[in-house]
2 protein chains.
Amino acid sequence: MIESLKNHILRFVNPSKKEIEDFLNIIELENIPAKHYILKEGHYCNYNHFIVKGCFRSFFINKKGIEKTINFGIEDWWLTDFDSFMNRTQTQLNIQATEDAIVLKVSKTKLDTILQNSLEINKYFRIILERVRIADQRRIQYMFNLSGEELYNTFYEYNPEFVQRIPQYMLASYLGFTPEFLSKIRAKKHL
Amino acid sequence: MIESLKNHILRFVNPSKKEIEDFLNIIELENIPAKHYILKEGHYCNYNHFIVKGCFRSFFINKKGIEKTINFGIEDWWLTDFDSFMNRTQTQLNIQATEDAIVLKVSKTKLDTILQNSLEINKYFRIILERVRIADQRRIQYMFNLSGEELYNTFYEYNPEFVQRIPQYMLASYLGFTPEFLSKIRAKKHL
DNA sequence: AGAAAAACTTAATCTAGATTAAGAAATAAA
DNA sequence: TTTATTTCTTAATCTAGATTAAGTTTTTCT
């Protein structure tokens, strides 16, 4: 189980045996059944989660009471609310498993002790965050540049298997429009 | 000049004298007159820029030929196109000074040699990127949740002085709507 | 100071996507 | 294998913001 995280780390950096063992020692394994939450609005986000298996969505509830999905996470992704995690504030986010899942989680306090001294683990998270930044920027760029229909087509093109994996209304929300509109787009595509 | 970067680093991490000197030694100073570019579409982004003074915007040109501002940067911010910087790809972005500016820039190759060995500089950039991630997530959340008018009011509330500093059409573009619509919002506010 | 360029405003018209509502399919649960 | 719950579709109506176009104000340059 923990091998998948180890492999992920070794794809990016070259820690010593001790360095990686120290890190892996603070990791906790958790099974999350579908629909269960690993973070709920109003709570403090004390963990960063590495997804071994399964799929999650993070969403918040807007003033009209509608759920807005702002991110998905699948295998080999880290998932947390950095704002709450770093600044020790109450989160506005919910993070929910969309299918049965397995995560490796690390608490803020334990992670901090590792990051205090480990060059390679710092590198690892720096590199992960650089990649996240690229993805975020690309997403913002797409949101500005593309119509709803184009957003869907682009997403489908790059993530065809993932589209099957989640309910349509979640994808609609992630792309920034209503499920009704997504239905309309799909109807148009099929004839 | 380089003091401002030094101070910024010391706000987040505690490098040894040698560690910070080694880093500062690879930094180059550059003056950028208003309207000049530090990055142009189609080029390779070989530098990360720390803004000592002035203001920049990064934008791309969409298919309709319209400039879309996706970020601003002011004093004490790092500015680059990470996608191009990390992946050595041609950038789609333009980064332009909106006023006379001074930057400290560091090349990818030199930065890499520092990041190879320096714990504290890795920490520094990791922390910066965590903060950037928080800002990006918040921005995405706002874009989904708020109407154009609310986006403007929120931005104005948190950055009143900055609104004066840039042309309105750039702000409109950054917020995701047209300058005409921003004019309408402002007209409504004033009576 | 005067001309040119850049930035901003106003108003009429148009459209992508939201909203509302009701029914149909598909999944899950009992 | 029936019932309940969740998800998806269709269609009519509505609206925030885009587009177009023309005029005005402000800034920059010579």
# chains A, B, ... in the order shown; residues from 1 in each chain; ligands from 1
>>> interface_residues(of="chain D", to="chain B", cutoff="10 Å", atoms="only C-alpha atoms (C1' of nucleotides)", output="JSON list (two decimals) with N, CA, C and O atoms (P, O5', C5', C4', C3', O3' and C1' of nucleotides), in the first residue's frame")
[["chain", "number", "residue", "atom", "x", "y", "z"],
["D", 16, "DA", "P", -29.53, 39.35, -13.94],
["D", 16, "DA", "O5'", -27.98, 39.06, -13.92],
["D", 16, "DA", "C5'", -27.51, 37.71, -13.79],
["D", 16, "DA", "C4'", -26.30, 37.50, -14.65],
["D", 16, "DA", "C3'", -25.25, 38.60, -14.58],
["D", 16, "DA", "O3'", -23.99, 37.95, -14.63],
["D", 16, "DA", "C1'", -26.04, 38.40, -16.81],
["D", 17, "DG", "P", -22.64, 38.70, -14.29],
["D", 17, "DG", "O5'", -22.09, 39.04, -15.74],
["D", 17, "DG", "C5'", -21.81, 37.94, -16.62],
["D", 17, "DG", "C4'", -21.81, 38.43, -18.03],
["D", 17, "DG", "C3'", -20.85, 39.58, -18.34],
["D", 17, "DG", "O3'", -19.84, 39.06, -19.19],
["D", 17, "DG", "C1'", -22.93, 39.82, -19.47],
["D", 18, "DA", "P", -18.87, 39.79, -20.15],
["D", 18, "DA", "O5'", -19.52, 39.58, -21.60],
["D", 18, "DA", "C5'", -19.62, 38.25, -22.10],
["D", 18, "DA", "C4'", -19.93, 38.28, -23.58],
["D", 18, "DA", "C3'", -18.94, 39.08, -24.42],
["D", 18, "DA", "O3'", -18.72, 38.37, -25.64],
["D", 18, "DA", "C1'", -21.11, 40.06, -24.58],
["D", 19, "DT", "P", -17.71, 38.90, -26.72],
["D", 19, "DT", "O5'", -18.58, 39.84, -27.67],
["D", 19, "DT", "C5'", -19.74, 39.29, -28.29],
["D", 19, "DT", "C4'", -20.40, 40.39, -29.11],
["D", 19, "DT", "C3'", -19.43, 41.27, -29.91],
["D", 19, "DT", "O3'", -19.86, 41.21, -31.25],
["D", 19, "DT", "C1'", -20.99, 42.60, -28.73]]
>>> residues_around(residues="segment 2-11 of chain D", least_positions_apart="4", cutoff="9 Å", atoms="only C-alpha atoms (C1' of nucleotides)", output="number ranges by chain")
A: 167-169, 179-180, 183-184, 187; C: 23-30
>>> write_last_selection(atoms="C-alpha atoms (C1' of nucleotides)", output="short mmCIF file (atom, residue, chain, number, x, y, z; two decimals), in the first residue's frame")
data_model
loop_
_atom_site.label_atom_id
_atom_site.label_comp_id
_atom_site.auth_asym_id
_atom_site.auth_seq_id
_atom_site.Cartn_x
_atom_site.Cartn_y
_atom_site.Cartn_z
CA PRO A 167 -21.65 11.43 -12.07
CA GLN A 168 -22.26 14.01 -14.74
CA TYR A 169 -23.56 16.61 -12.34
CA PRO A 179 -26.05 19.62 -15.23
CA GLU A 180 -28.91 20.63 -17.53
CA SER A 183 -27.10 17.28 -20.90
CA LYS A 184 -27.74 19.70 -23.74
CA ALA A 187 -27.44 15.55 -26.72
"C1'" DG C 23 -40.77 13.15 -16.40
"C1'" DA C 24 -37.61 9.17 -17.55
"C1'" DA C 25 -33.68 6.08 -16.50
"C1'" DA C 26 -30.65 4.04 -13.90
"C1'" DT C 27 -28.73 2.38 -9.21
"C1'" DA C 28 -29.14 0.97 -4.87
"C1'" DA C 29 -31.51 -0.83 -1.15
"C1'" DA C 30 -34.81 -3.80 1.16
#
>>> select_by_dssp(residues="segment 13-171 of chain A", states="strand (DSSP E)", output="ChimeraX atom specification")
/A:28-32,37-39,47-53,56-61,67-73,78-79,94-97,101-107
>>> write_last_selection(atoms="N, CA and C atoms", output="short mmCIF file (atom, residue, chain, number, x, y, z; two decimals), in the first residue's frame")
data_model
loop_
_atom_site.label_atom_id
_atom_site.label_comp_id
_atom_site.auth_asym_id
_atom_site.auth_seq_id
_atom_site.Cartn_x
_atom_site.Cartn_y
_atom_site.Cartn_z
N GLU A 28 -0.17 7.47 7.89
CA GLU A 28 -1.23 6.58 8.36
C GLU A 28 -2.11 6.14 7.20
N LEU A 29 -2.51 4.88 7.23
CA LEU A 29 -3.37 4.34 6.18
C LEU A 29 -4.83 4.46 6.61
N GLU A 30 -5.71 4.79 5.67
CA GLU A 30 -7.12 4.83 6.01
C GLU A 30 -7.98 4.39 4.83
N ASN A 31 -9.00 3.59 5.15
CA ASN A 31 -9.99 3.20 4.15
C ASN A 31 -11.17 4.16 4.22
N ILE A 32 -11.59 4.67 3.08
CA ILE A 32 -12.73 5.59 3.05
C ILE A 32 -13.81 4.99 2.15
N TYR A 37 -16.65 11.34 4.05
CA TYR A 37 -15.88 12.57 3.96
C TYR A 37 -14.53 12.44 4.66
N ILE A 38 -13.50 13.05 4.09
CA ILE A 38 -12.25 13.17 4.82
C ILE A 38 -12.06 14.60 5.33
N LEU A 39 -12.96 15.49 4.94
CA LEU A 39 -12.93 16.86 5.45
C LEU A 39 -14.33 17.45 5.30
N TYR A 47 -4.72 17.19 7.95
CA TYR A 47 -4.01 16.17 7.20
C TYR A 47 -3.86 16.53 5.73
N ASN A 48 -2.78 16.04 5.17
CA ASN A 48 -2.64 16.01 3.71
C ASN A 48 -2.81 14.54 3.32
N HIS A 49 -3.55 14.29 2.24
CA HIS A 49 -3.91 12.92 1.89
C HIS A 49 -3.34 12.54 0.53
N PHE A 50 -2.69 11.41 0.49
CA PHE A 50 -2.20 10.85 -0.77
C PHE A 50 -3.16 9.72 -1.15
N ILE A 51 -3.72 9.80 -2.34
CA ILE A 51 -4.73 8.83 -2.75
C ILE A 51 -4.07 7.60 -3.36
N VAL A 52 -4.25 6.47 -2.71
CA VAL A 52 -3.70 5.21 -3.21
C VAL A 52 -4.67 4.60 -4.21
N LYS A 53 -5.96 4.72 -3.88
CA LYS A 53 -6.99 4.11 -4.72
C LYS A 53 -8.28 4.87 -4.52
N PHE A 56 -11.83 11.28 -5.24
CA PHE A 56 -12.44 12.25 -4.34
C PHE A 56 -12.83 13.50 -5.10
N ARG A 57 -13.77 14.22 -4.52
CA ARG A 57 -14.03 15.57 -5.03
C ARG A 57 -14.01 16.51 -3.85
N SER A 58 -13.51 17.71 -4.06
CA SER A 58 -13.64 18.74 -3.03
C SER A 58 -14.62 19.77 -3.53
N PHE A 59 -15.53 20.14 -2.67
CA PHE A 59 -16.56 21.09 -3.09
C PHE A 59 -16.93 21.99 -1.92
N PHE A 60 -17.50 23.14 -2.25
CA PHE A 60 -18.08 23.98 -1.20
C PHE A 60 -19.52 24.25 -1.56
N ILE A 61 -20.25 24.77 -0.61
CA ILE A 61 -21.67 25.03 -0.83
C ILE A 61 -21.86 26.54 -0.91
N GLU A 67 -23.93 22.84 -4.42
CA GLU A 67 -22.58 22.31 -4.29
C GLU A 67 -21.74 22.67 -5.51
N LYS A 68 -20.59 23.28 -5.28
CA LYS A 68 -19.66 23.61 -6.36
C LYS A 68 -18.40 22.78 -6.22
N THR A 69 -18.18 21.89 -7.16
CA THR A 69 -16.99 21.05 -7.14
C THR A 69 -15.81 21.85 -7.65
N ILE A 70 -14.77 22.00 -6.81
CA ILE A 70 -13.64 22.76 -7.32
C ILE A 70 -12.45 21.90 -7.69
N ASN A 71 -12.40 20.66 -7.21
CA ASN A 71 -11.31 19.77 -7.61
C ASN A 71 -11.69 18.31 -7.54
N PHE A 72 -11.04 17.53 -8.37
CA PHE A 72 -11.09 16.09 -8.23
C PHE A 72 -9.70 15.60 -7.86
N GLY A 73 -9.65 14.45 -7.21
CA GLY A 73 -8.36 13.81 -6.96
C GLY A 73 -8.47 12.33 -7.22
N TRP A 78 -2.10 14.27 -4.24
CA TRP A 78 -2.24 14.74 -2.87
C TRP A 78 -3.46 15.63 -2.79
N LEU A 79 -4.19 15.51 -1.69
CA LEU A 79 -5.42 16.27 -1.55
C LEU A 79 -5.50 16.85 -0.15
N ASN A 94 -15.52 20.76 1.57
CA ASN A 94 -15.82 19.37 1.88
C ASN A 94 -15.01 18.51 0.92
N ILE A 95 -14.41 17.45 1.45
CA ILE A 95 -13.73 16.50 0.57
C ILE A 95 -14.37 15.14 0.77
N GLN A 96 -14.91 14.61 -0.30
CA GLN A 96 -15.75 13.41 -0.23
C GLN A 96 -15.26 12.36 -1.22
N ALA A 97 -15.26 11.10 -0.78
CA ALA A 97 -14.92 10.00 -1.68
C ALA A 97 -16.10 9.76 -2.62
N ALA A 101 -12.36 4.15 -1.33
CA ALA A 101 -11.02 4.68 -1.53
C ALA A 101 -10.07 4.29 -0.40
N ILE A 102 -8.79 4.37 -0.72
CA ILE A 102 -7.73 4.15 0.27
C ILE A 102 -6.80 5.35 0.21
N VAL A 103 -6.55 5.97 1.36
CA VAL A 103 -5.62 7.09 1.38
C VAL A 103 -4.49 6.85 2.37
N LEU A 104 -3.37 7.51 2.11
CA LEU A 104 -2.29 7.59 3.08
C LEU A 104 -2.30 9.02 3.58
N LYS A 105 -2.42 9.21 4.88
CA LYS A 105 -2.51 10.58 5.35
C LYS A 105 -1.37 10.92 6.29
N VAL A 106 -1.02 12.21 6.28
CA VAL A 106 0.07 12.67 7.12
C VAL A 106 -0.40 13.93 7.85
N SER A 107 -0.19 13.95 9.16
CA SER A 107 -0.66 15.10 9.94
C SER A 107 0.29 16.28 9.75
#
>>> interface_residues(of="chain A", to="chain B", cutoff="10 Å", atoms="only C-alpha atoms", output="ChimeraX atom specification")
/A:59-64,66,68-71,81-84,86-87,115-141,143-146,173-177
>>> closest_atom_pairs(of="chain C", to="chain B", cutoff="9 Å", atoms="only C-alpha atoms (C1' of nucleotides)", output="JSON lines")
{"residue": "C:DA7", "atom": "C1'", "partner": "B:Pro167", "partner_atom": "CA", "distance": 7.3}
{"residue": "C:DC8", "atom": "C1'", "partner": "B:Ser183", "partner_atom": "CA", "distance": 7.5}
{"residue": "C:DT9", "atom": "C1'", "partner": "B:Ser183", "partner_atom": "CA", "distance": 6.6}
{"residue": "C:DT10", "atom": "C1'", "partner": "B:Lys184", "partner_atom": "CA", "distance": 8.6}
>>> write_last_selection(atoms="N, CA, C and O atoms (P, O5', C5', C4', C3', O3' and C1' of nucleotides)", output="short mmCIF file (atom, residue, chain, number, x, y, z; two decimals), in the first residue's frame")
data_model
loop_
_atom_site.label_atom_id
_atom_site.label_comp_id
_atom_site.auth_asym_id
_atom_site.auth_seq_id
_atom_site.Cartn_x
_atom_site.Cartn_y
_atom_site.Cartn_z
P DA C 7 -3.91 51.98 -22.54
"O5'" DA C 7 -5.22 52.72 -22.04
"C5'" DA C 7 -5.10 53.75 -21.07
"C4'" DA C 7 -6.47 54.26 -20.71
"C3'" DA C 7 -7.42 53.18 -20.20
"O3'" DA C 7 -7.87 53.62 -18.92
"C1'" DA C 7 -8.46 54.53 -21.85
P DC C 8 -8.99 52.77 -18.07
"O5'" DC C 8 -10.36 53.48 -18.47
"C5'" DC C 8 -10.54 54.86 -18.14
"C4'" DC C 8 -11.89 55.30 -18.64
"C3'" DC C 8 -13.05 54.40 -18.18
"O3'" DC C 8 -13.87 55.18 -17.33
"C1'" DC C 8 -13.24 55.03 -20.48
P DT C 9 -15.34 54.64 -16.84
"O5'" DT C 9 -16.26 55.14 -18.02
"C5'" DT C 9 -16.52 56.54 -18.16
"C4'" DT C 9 -17.67 56.74 -19.12
"C3'" DT C 9 -18.97 56.03 -18.71
"O3'" DT C 9 -19.95 57.06 -18.62
"C1'" DT C 9 -18.44 55.60 -21.00
P DT C 10 -21.38 56.78 -17.94
"O5'" DT C 10 -22.34 56.54 -19.19
"C5'" DT C 10 -22.24 57.41 -20.31
"C4'" DT C 10 -23.08 56.88 -21.45
"C3'" DT C 10 -24.33 56.10 -21.04
"O3'" DT C 10 -25.45 56.71 -21.67
"C1'" DT C 10 -23.10 54.93 -22.69
#
>>> select_by_dssp(residues="chain A", states="alpha helix (DSSP H)", output="VMD selection string")
chain A and resid 2 to 12 17 to 25 82 to 87 108 to 117 119 to 145 148 to 158 160 to 165 168 to 175 179 to 190
>>> atom_distance(atom1="atom CA of Leu10 of chain B", atom2="atom CA of Cys45 of chain B")
26.7 Å
